[in-house]
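Below is the file model.cif, which contains mmCIF, C-alpha atoms and all ligand atoms.
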```
data_work
loop_
_atom_site.label_atom_id
_atom_site.label_comp_id
_atom_site.auth_asym_id
_atom_site.auth_seq_id
_atom_site.Cartn_x
_atom_site.Cartn_y
_atom_site.Cartn_z
CA MET A 753 -12.10 -18.49 35.99
CA SER A 754 -11.98 -19.61 32.42
CA ARG A 755 -10.72 -23.10 31.66
CA ARG A 756 -9.89 -22.13 28.11
CA LYS A 757 -6.26 -21.87 27.15
CA LEU A 758 -5.04 -18.31 26.99
CA VAL A 759 -3.12 -17.52 23.82
CA TYR A 760 -2.38 -13.83 24.35
CA GLU A 761 -3.58 -10.99 26.55
CA GLY A 762 -3.38 -7.48 25.09
CA LYS A 763 -4.46 -4.10 26.47
CA ALA A 764 -8.07 -4.27 25.33
CA LYS A 765 -8.56 -7.87 24.24
CA ILE A 766 -7.74 -11.44 25.19
CA LEU A 767 -7.23 -14.34 22.78
CA TYR A 768 -8.15 -17.87 23.81
CA GLU A 769 -7.78 -21.09 21.88
CA GLY A 770 -10.92 -21.70 19.83
CA PRO A 771 -13.06 -24.82 19.55
CA ASP A 772 -11.40 -25.96 16.31
CA ARG A 773 -7.86 -26.03 15.01
CA GLY A 774 -6.98 -22.72 13.41
CA THR A 775 -9.52 -20.75 15.44
CA TYR A 776 -9.31 -18.41 18.41
CA ILE A 777 -11.87 -16.70 20.62
CA GLN A 778 -11.32 -12.94 20.81
CA TYR A 779 -12.63 -11.45 24.08
CA PHE A 780 -13.23 -7.68 24.34
CA LYS A 781 -12.26 -6.24 27.74
CA ASP A 782 -13.50 -3.01 29.32
CA ASP A 783 -9.95 -1.74 29.79
CA ALA A 784 -9.04 1.58 28.21
CA THR A 785 -5.41 2.56 27.81
CA ALA A 786 -3.67 5.48 26.13
CA PHE A 787 -0.21 6.97 25.69
CA ASN A 788 1.51 3.59 25.59
CA ASN A 789 -0.24 2.32 28.72
CA GLN A 790 0.54 5.38 30.88
CA LYS A 791 -3.14 6.21 31.24
CA LYS A 792 -5.52 3.42 32.23
CA ALA A 793 -9.15 2.96 33.23
CA ILE A 794 -11.92 0.40 33.21
CA ILE A 795 -14.98 1.61 31.35
CA ASP A 796 -17.97 -0.63 32.09
CA GLY A 797 -19.52 -1.96 28.91
CA LYS A 798 -16.95 -0.65 26.43
CA GLY A 799 -15.97 -4.19 25.39
CA VAL A 800 -19.58 -5.08 24.62
CA LEU A 801 -19.98 -2.11 22.28
CA ASN A 802 -16.62 -2.61 20.56
CA ASN A 803 -17.40 -6.30 20.02
CA ARG A 804 -20.71 -5.41 18.36
CA ILE A 805 -19.38 -2.49 16.29
CA SER A 806 -16.32 -4.42 15.12
CA GLU A 807 -18.45 -7.46 14.25
CA PHE A 808 -20.72 -5.24 12.15
CA LEU A 809 -17.86 -3.59 10.25
CA PHE A 810 -15.89 -6.81 9.69
CA SER A 811 -19.03 -8.60 8.45
CA GLN A 812 -19.61 -5.83 5.91
CA LEU A 813 -15.99 -6.12 4.76
CA ASN A 814 -16.25 -9.92 4.49
CA GLU A 815 -19.37 -9.45 2.38
CA MET A 816 -17.63 -7.10 -0.03
CA GLY A 817 -14.80 -9.57 -0.56
CA ILE A 818 -12.22 -8.21 1.87
CA GLU A 819 -11.29 -11.24 3.91
CA THR A 820 -11.15 -10.70 7.68
CA HIS A 821 -10.42 -12.99 10.60
CA LEU A 822 -14.04 -12.79 11.80
CA ILE A 823 -16.03 -16.02 11.67
CA LYS A 824 -18.90 -14.90 13.92
CA ARG A 825 -19.72 -13.12 17.14
CA VAL A 826 -20.58 -15.71 19.77
CA ASN A 827 -21.77 -13.60 22.68
CA MET A 828 -21.74 -10.07 24.11
CA ARG A 829 -17.98 -9.98 24.53
CA GLU A 830 -16.57 -12.66 22.27
CA GLN A 831 -15.97 -13.46 18.63
CA LEU A 832 -14.87 -16.68 16.98
CA ILE A 833 -12.00 -15.77 14.66
CA LYS A 834 -9.50 -17.40 12.32
CA ALA A 835 -6.10 -17.76 13.95
CA VAL A 836 -3.51 -15.66 12.11
CA GLU A 837 0.10 -14.71 12.58
CA ILE A 838 -0.08 -10.99 13.19
CA ILE A 839 2.19 -8.81 11.04
CA PRO A 840 3.87 -6.60 13.68
CA LEU A 841 2.74 -3.34 12.07
CA GLU A 842 -0.07 -0.86 12.63
CA PHE A 843 -1.45 0.53 9.38
CA VAL A 844 -2.82 4.00 10.13
CA VAL A 845 -5.00 5.57 7.43
CA ARG A 846 -5.62 9.33 7.67
CA ASN A 847 -8.17 11.50 5.90
CA ILE A 848 -8.10 14.53 8.19
CA ALA A 849 -5.17 15.75 10.31
CA ALA A 850 -5.39 14.81 14.00
CA GLY A 851 -3.47 13.25 16.88
CA THR A 852 0.21 12.47 16.44
CA PHE A 853 0.10 13.53 12.76
CA SER A 854 -0.91 17.07 13.77
CA LYS A 855 1.62 17.20 16.59
CA ARG A 856 4.52 15.79 14.61
CA LEU A 857 4.01 17.95 11.52
CA GLY A 858 2.40 21.06 13.02
CA ILE A 859 -0.72 20.70 10.89
CA PRO A 860 -3.84 21.89 12.75
CA GLU A 861 -6.35 19.22 13.76
CA GLY A 862 -9.26 19.13 11.36
CA THR A 863 -7.25 20.00 8.23
CA GLN A 864 -8.59 17.94 5.32
CA LEU A 865 -5.71 16.07 3.63
CA LYS A 866 -5.65 16.33 -0.16
CA ARG A 867 -5.78 12.52 -0.35
CA PRO A 868 -5.87 9.66 2.15
CA ILE A 869 -2.43 8.72 3.40
CA ILE A 870 -1.09 5.67 5.14
CA GLU A 871 1.54 5.41 7.84
CA TYR A 872 3.25 2.32 9.27
CA TYR A 873 4.07 1.89 12.96
CA PHE A 874 6.16 -0.97 14.36
CA LYS A 875 4.14 -2.70 17.09
CA ASN A 876 6.53 -2.62 20.01
CA ASP A 877 5.52 -1.29 23.44
CA GLU A 878 9.09 -0.88 24.66
CA LEU A 879 9.88 1.40 21.74
CA GLY A 880 6.49 3.15 21.96
CA ASP A 881 5.28 1.91 18.53
CA PRO A 882 7.62 4.03 16.37
CA LEU A 883 6.65 5.38 12.95
CA VAL A 884 8.64 3.38 10.37
CA THR A 885 9.33 3.46 6.64
CA GLU A 886 8.98 0.74 4.01
CA GLU A 887 12.72 0.27 4.13
CA HIS A 888 12.71 -0.25 7.91
CA ILE A 889 10.02 -2.87 7.41
CA ASP A 890 11.93 -4.59 4.62
CA ILE A 891 15.35 -4.77 6.27
CA ASN A 892 13.85 -6.03 9.54
CA ASN A 893 11.63 -8.57 7.76
CA TRP A 894 8.51 -7.38 9.58
CA ALA A 895 6.63 -7.90 6.30
CA THR A 896 7.63 -8.69 2.74
CA ILE A 897 7.29 -6.01 0.06
CA ASP A 898 4.37 -8.00 -1.39
CA GLU A 899 2.60 -8.26 1.98
CA LEU A 900 3.11 -4.56 2.55
CA SER A 901 1.71 -3.50 -0.80
CA LEU A 902 -1.25 -5.85 -0.45
CA ALA A 903 -2.07 -4.64 3.07
CA THR A 904 -1.63 -1.00 1.98
CA GLU A 905 -3.94 -1.41 -1.00
CA THR A 906 -6.51 -3.22 1.18
CA SER A 907 -6.29 -0.48 3.84
CA LEU A 908 -7.13 2.16 1.23
CA ARG A 909 -10.08 0.10 -0.05
CA ILE A 910 -11.31 -0.29 3.52
CA ASN A 911 -10.95 3.46 3.95
CA ASP A 912 -13.08 4.20 0.85
CA PHE A 913 -15.76 1.87 2.11
CA LEU A 914 -15.75 3.11 5.71
CA ILE A 915 -15.77 6.80 4.70
CA GLY A 916 -19.05 6.18 2.86
CA LEU A 917 -20.55 3.98 5.54
CA PHE A 918 -19.90 6.51 8.32
CA ARG A 919 -20.76 9.54 6.17
CA ALA A 920 -24.21 8.05 5.59
CA VAL A 921 -24.85 8.22 9.35
CA GLY A 922 -23.46 11.71 9.87
CA ILE A 923 -19.95 10.74 10.96
CA LYS A 924 -16.59 11.86 9.52
CA LEU A 925 -13.91 9.16 9.46
CA VAL A 926 -10.84 11.17 10.47
CA ASP A 927 -8.31 8.32 10.82
CA PHE A 928 -8.07 4.71 11.94
CA LYS A 929 -5.69 1.84 12.59
CA LEU A 930 -5.68 -1.61 11.02
CA GLU A 931 -3.75 -4.80 11.65
CA PHE A 932 -3.23 -7.68 9.26
CA GLY A 933 -2.27 -11.31 9.75
CA ARG A 934 -0.96 -14.22 7.74
CA ILE A 935 -2.97 -17.39 7.33
CA TRP A 936 -1.91 -20.57 5.54
CA LYS A 937 -4.08 -23.06 3.72
CA ASP A 938 -2.14 -25.99 2.33
CA ASP A 939 0.92 -24.19 1.01
CA GLU A 940 -0.86 -21.00 0.08
CA LYS A 941 -0.46 -17.91 2.28
CA ARG A 942 -3.06 -15.15 2.49
CA VAL A 943 -2.90 -11.81 4.28
CA ILE A 944 -6.22 -10.95 5.92
CA LEU A 945 -7.59 -8.19 8.14
CA ALA A 946 -7.33 -8.96 11.86
CA ASP A 947 -7.77 -7.26 15.26
CA GLU A 948 -10.75 -4.85 15.40
CA ILE A 949 -12.27 -1.68 13.97
CA SER A 950 -14.11 0.26 16.66
CA PRO A 951 -14.24 3.71 18.25
CA ASP A 952 -11.12 2.57 20.16
CA THR A 953 -9.18 2.38 16.90
CA CYS A 954 -10.80 5.14 14.81
CA ARG A 955 -11.30 8.87 15.11
CA LEU A 956 -14.96 9.57 14.42
CA TRP A 957 -16.35 13.11 14.42
CA ASP A 958 -19.96 14.18 14.15
CA VAL A 959 -20.41 15.83 10.74
CA LYS A 960 -22.34 18.81 12.14
CA ASP A 961 -20.46 19.88 15.25
CA GLU A 962 -17.27 17.76 15.03
CA ARG A 963 -18.12 16.22 18.42
CA LYS A 964 -15.70 13.40 19.09
CA LEU A 965 -17.33 9.95 19.14
CA ASP A 966 -14.19 7.93 19.83
CA LYS A 967 -11.38 7.14 22.26
CA ASP A 968 -10.15 10.75 22.26
CA ARG A 969 -12.92 11.28 24.86
CA PHE A 970 -10.78 9.12 27.16
CA ARG A 971 -7.34 10.31 25.98
CA ARG A 972 -8.36 13.96 26.45
CA ASP A 973 -10.56 13.57 29.55
CA LEU A 974 -13.67 14.77 27.73
CA GLY A 975 -16.00 12.32 29.53
CA GLY A 976 -19.04 10.62 28.02
CA LEU A 977 -17.12 7.82 26.33
CA MET A 978 -19.85 5.21 26.68
CA GLU A 979 -22.50 7.63 25.43
CA ALA A 980 -20.32 8.38 22.39
CA TYR A 981 -19.70 4.70 21.55
CA GLN A 982 -23.39 3.99 22.05
CA GLU A 983 -24.20 6.85 19.67
CA VAL A 984 -21.98 5.28 17.00
CA ALA A 985 -23.71 1.90 17.44
CA LYS A 986 -27.15 3.56 17.30
CA ARG A 987 -26.34 5.45 14.13
CA LEU A 988 -25.02 2.29 12.50
CA GLY A 989 -28.41 0.76 13.31
CA ILE A 990 -26.97 -2.01 15.45
CA MET A 991 -28.31 -0.88 18.79
CA PRO A 992 -32.06 -0.38 18.99
CA GLU A 993 -33.23 2.87 20.57
CA GLY A 994 -34.75 0.84 23.40
CA SER A 995 -31.51 -0.40 24.92
CA ASN A 996 -29.51 1.74 27.27
CA ILE A 997 -26.08 1.98 28.81
CA LYS A 998 -27.16 0.23 32.00
CA GLU A 999 -28.22 -2.81 30.02
CA ILE A 1000 -24.99 -2.80 28.05
CA LYS A 1001 -22.94 -2.57 31.23
CA SER A 1002 -24.73 -5.51 32.77
CA GLY A 1003 -24.65 -7.33 29.44
CA ILE A 1004 -28.26 -8.46 29.58
CA SER A 1005 -29.89 -6.37 26.89
CA LYS A 1006 -32.53 -8.47 25.21
CA ASN A 1007 -32.39 -6.09 22.25
CA PHE A 1008 -28.78 -7.02 21.74
CA LYS A 1009 -29.50 -10.08 19.67
CA ILE A 1010 -26.73 -12.57 19.08
CA LYS A 1011 -26.31 -13.29 15.39
CA LYS A 1012 -26.50 -16.97 14.57
N1 LIG B 1 -4.49 4.04 16.93
C1 LIG B 1 -4.80 2.82 17.53
N2 LIG B 1 -3.85 2.18 18.27
C2 LIG B 1 -2.61 2.68 18.44
C3 LIG B 1 -2.29 3.92 17.85
C4 LIG B 1 -3.25 4.57 17.11
O1 LIG B 1 -5.91 2.31 17.37
O2 LIG B 1 -1.77 2.04 19.12
C5 LIG B 1 -5.50 4.74 16.12
C6 LIG B 1 -6.05 5.96 16.85
O3 LIG B 1 -7.22 5.64 17.54
C7 LIG B 1 -6.33 6.90 15.71
C8 LIG B 1 -5.31 6.54 14.63
O4 LIG B 1 -4.88 5.22 14.95
O5 LIG B 1 -7.63 6.66 15.19
C9 LIG B 1 -4.13 7.48 14.58
O6 LIG B 1 -3.58 7.63 15.86
P1 LIG B 1 -2.39 8.64 16.15
O7 LIG B 1 -1.18 8.21 15.38
O8 LIG B 1 -2.84 10.03 15.92
O9 LIG B 1 -1.98 8.38 17.65
P2 LIG B 1 -2.76 8.64 19.02
O10 LIG B 1 -3.18 10.05 19.03
O11 LIG B 1 -3.87 7.64 19.01
O12 LIG B 1 -1.71 8.31 20.05
#
```
As structure tokens, please, write out the structure in this file.
Amino acid sequence: MSRRKLVYEGKAKILYEGPDRGTYIQYFKDDATAFNNQKKAIIDGKGVLNNRISEFLFSQLNEMGIETHLIKRVNMREQLIKAVEIIPLEFVVRNIAAGTFSKRLGIPEGTQLKRPIIEYYFKNDELGDPLVTEEHIDINNWATIDELSLATETSLRINDFLIGLFRAVGIKLVDFKLEFGRIWKDDEKRVILADEISPDTCRLWDVKDERKLDKDRFRRDLGGLMEAYQEVAKRLGIMPEGSNIKEIKSGISKNFKIKK
């Protein structure tokens, strides 16, 4: 039992109060959910891989001047993060048709879009995270027009960067979801990237055979989810060839070095 104060428990992560004011600890669980929580499973070791992959991607974004909530990864399952007030929207960026986009619009999966597009979803489990317009967002005060345009522009920059990063390791970035949060310093407000970027929140296809290396393996009962996530980590160069799934599951891999 943890003695830390729980701030929020979500489907795949838990937030605890952090060691300092304005910080949280983000804990990655092994829980997998899909279809608004109707399908559930525990996948041993998934949280460890998502923690590492998300840390890697957020660090790269921090380095290129896109501020994220990540301060540092502290162990196999946890990150120290800046506490933010989450904007209750999911920003979905799409490069290739898939998932609900294909279903809703009748566009076959795999169709290359002529340019990246962005969709907004209102984060609300009871309503099943509905697709919403800028006007819905404005009249409900979920975000200001300024926050929305800043987060949209940042999402597209992140997309450009991630397309290149994944392409270099033989992976197509089909689509992904981002979340942003507000943070105040003195009287100044900033909107920064929050949550995670991992195979749970992206569609990642192998360039050669379009093999799915993401959560669709769970959603569509394809099996081999851990192998796929491990493959992503290996290709990104953040999981040495030596380590294996058993070590990740038990969380004792000595190759899995904790960054200071
Ligand atoms: N996504 C997510 N969380 C959500 C909904 C979507 O991370 O609550 C991600 C999903 O993994 C995919 C992209 O956003 O990479 C687009 O998802 P889509 O709208 O096609 O819905 P899904 O098929 O995931 O229900």
Worksheet item: Do you know which residues are within 10 Å of ligand LIG 1 (chain B) using only C-alpha atoms and all ligand atoms? Can you write them as an MDAnalysis selection string?
Response: chainID A and resid 763 785:789 841:846 849:856 871:877 880:883 925:931 947:956 966:968 971:972
Write out the residues from the selection above, keeping C-alpha atoms, as a short mmCIF file (atom, residue, chain, number, x, y, z; two decimals), in the coordinates of the input.
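Output contents, as saved in out-v4.cif:
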```
data_model
loop_
_atom_site.label_atom_id
_atom_site.label_comp_id
_atom_site.auth_asym_id
_atom_site.auth_seq_id
_atom_site.Cartn_x
_atom_site.Cartn_y
_atom_site.Cartn_z
CA LYS A 763 -4.46 -4.10 26.47
CA THR A 785 -5.41 2.56 27.81
CA ALA A 786 -3.67 5.48 26.13
CA PHE A 787 -0.21 6.97 25.69
CA ASN A 788 1.51 3.59 25.59
CA ASN A 789 -0.24 2.32 28.72
CA LEU A 841 2.74 -3.34 12.07
CA GLU A 842 -0.07 -0.86 12.63
CA PHE A 843 -1.45 0.53 9.38
CA VAL A 844 -2.82 4.00 10.13
CA VAL A 845 -5.00 5.57 7.43
CA ARG A 846 -5.62 9.33 7.67
CA ALA A 849 -5.17 15.75 10.31
CA ALA A 850 -5.39 14.81 14.00
CA GLY A 851 -3.47 13.25 16.88
CA THR A 852 0.21 12.47 16.44
CA PHE A 853 0.10 13.53 12.76
CA SER A 854 -0.91 17.07 13.77
CA LYS A 855 1.62 17.20 16.59
CA ARG A 856 4.52 15.79 14.61
CA GLU A 871 1.54 5.41 7.84
CA TYR A 872 3.25 2.32 9.27
CA TYR A 873 4.07 1.89 12.96
CA PHE A 874 6.16 -0.97 14.36
CA LYS A 875 4.14 -2.70 17.09
CA ASN A 876 6.53 -2.62 20.01
CA ASP A 877 5.52 -1.29 23.44
CA GLY A 880 6.49 3.15 21.96
CA ASP A 881 5.28 1.91 18.53
CA PRO A 882 7.62 4.03 16.37
CA LEU A 883 6.65 5.38 12.95
CA LEU A 925 -13.91 9.16 9.46
CA VAL A 926 -10.84 11.17 10.47
CA ASP A 927 -8.31 8.32 10.82
CA PHE A 928 -8.07 4.71 11.94
CA LYS A 929 -5.69 1.84 12.59
CA LEU A 930 -5.68 -1.61 11.02
CA GLU A 931 -3.75 -4.80 11.65
CA ASP A 947 -7.77 -7.26 15.26
CA GLU A 948 -10.75 -4.85 15.40
CA ILE A 949 -12.27 -1.68 13.97
CA SER A 950 -14.11 0.26 16.66
CA PRO A 951 -14.24 3.71 18.25
CA ASP A 952 -11.12 2.57 20.16
CA THR A 953 -9.18 2.38 16.90
CA CYS A 954 -10.80 5.14 14.81
CA ARG A 955 -11.30 8.87 15.11
CA LEU A 956 -14.96 9.57 14.42
CA ASP A 966 -14.19 7.93 19.83
CA LYS A 967 -11.38 7.14 22.26
CA ASP A 968 -10.15 10.75 22.26
CA ARG A 971 -7.34 10.31 25.98
CA ARG A 972 -8.36 13.96 26.45
#
```
Fill in: One-decimal distance in Å that lies between atom CA of A:Ile935 and atom CA of A:Arg755
26.2 Å
Discussion item. I'd like to know which of A:Asn827, A:Asn911, A:Thr885, A:Asn802 is closest to A:Gln982, using all atoms listed in the file.
Written reply: A:Asn802
Item to complete: Would you work out the distance separating atom CA of A:Asp912 from atom CA of A:Leu945, expressed in Å to one decimal?
Response: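 If I compute the distance from atom CA of A:Asp912 to atom CA of A:Leu945, I get 15.4 Å.
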Fill in: Proximity to A:Thr775 - best of A:Lys834, A:Arg829, A:Lys924, A:Lys941, all atoms listed in the file
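Residue with the minimum atom-to-atom distance to A:Thr775: A:Lys834.
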Worksheet entry | Distance of atom CA of A:Glu769 from atom CA of A:Val836, expressed in Å to one decimal place |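 Separating atom CA of A:Val836 from atom CA of A:Glu769 is a distance of 12.0 Å.
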Worksheet entry | Long-range neighbours of A:Asn814 as a ChimeraX atom specification, 10 Å cut-off, all atoms listed in the file, 6 positions minimum in chain | /A:820-823,945
Discussion item. So that I can check the surroundings of A:Asp961, please list as a list in words every protein, DNA and RNA residue that reaches within 12 Å of it, counting all atoms listed in the file and ignoring chain neighbours fewer than 4 positions away.
Written reply: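 Answer for this query is Gly862, Gly922, Ile923, Lys924, Leu956, Trp957 and Leu965 of chain A.
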Worksheet item: Which is closest to A:Lys791 among A:Arg934, A:Val959, A:Phe970, A:Pro840, if we use only C-alpha atoms?
Response: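 Nearest to A:Lys791: A:Phe970.
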Discussion item. Give me, as a list in words, all polymer residues having an atom no more than 9 Å from A:Leu908, counting all atoms listed in the file and skipping those fewer than 6 positions away in the same chain.
Written reply: Val845, Pro868, Ile869 and Ile870 of chain A
Selected residues written out, C-alpha atoms, as a tab-separated table (two decimals), in the coordinates of the input:
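Below you can see part.tsv, which holds the result:
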```tsv
chain	number	residue	atom	x	y	z
A	845	VAL	CA	-5.00	5.57	7.43
A	868	PRO	CA	-5.87	9.66	2.15
A	869	ILE	CA	-2.43	8.72	3.40
A	870	ILE	CA	-1.09	5.67	5.14
```
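Among the candidates A:Ile833, A:Leu900, A:Ile766, A:Leu879, the residue lying nearest to A:Ser811 is A:Ile833 (atoms considered: only C-alpha atoms).
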Discussion item. Between A:Ile818, A:Ala946, A:Ile997, A:Leu857, which residue has the minimum interatomic distance to A:Ala980, considering only C-alpha atoms?
Written reply: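 Going through A:Ile818, A:Ala946, A:Ile997, A:Leu857 one by one, the smallest distance to A:Ala980 is for A:Ile997.
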Discussion item. I need every residue sitting at most 12 Å from the point (-20.6, -6.5, 12.5) (coordinates as in the file, all atoms listed in the file considered), written as an NGL selection string.
Written reply: :A and (801-815 or 820 or 822-826 or 831 or 948-950 or 985 or 988-991 or 1009-1011)
Discussion item. Residues near A:Gly797, anyone? I mean within 7 Å using only C-alpha atoms, not counting same-chain ones fewer than 6 positions away, as a count of residues only.
Written reply: 3
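Using only C-alpha atoms, the smallest distance between any of A:Gln790, A:Gln864, A:Gln778, A:Asn996 and A:Leu832 comes from A:Gln778.
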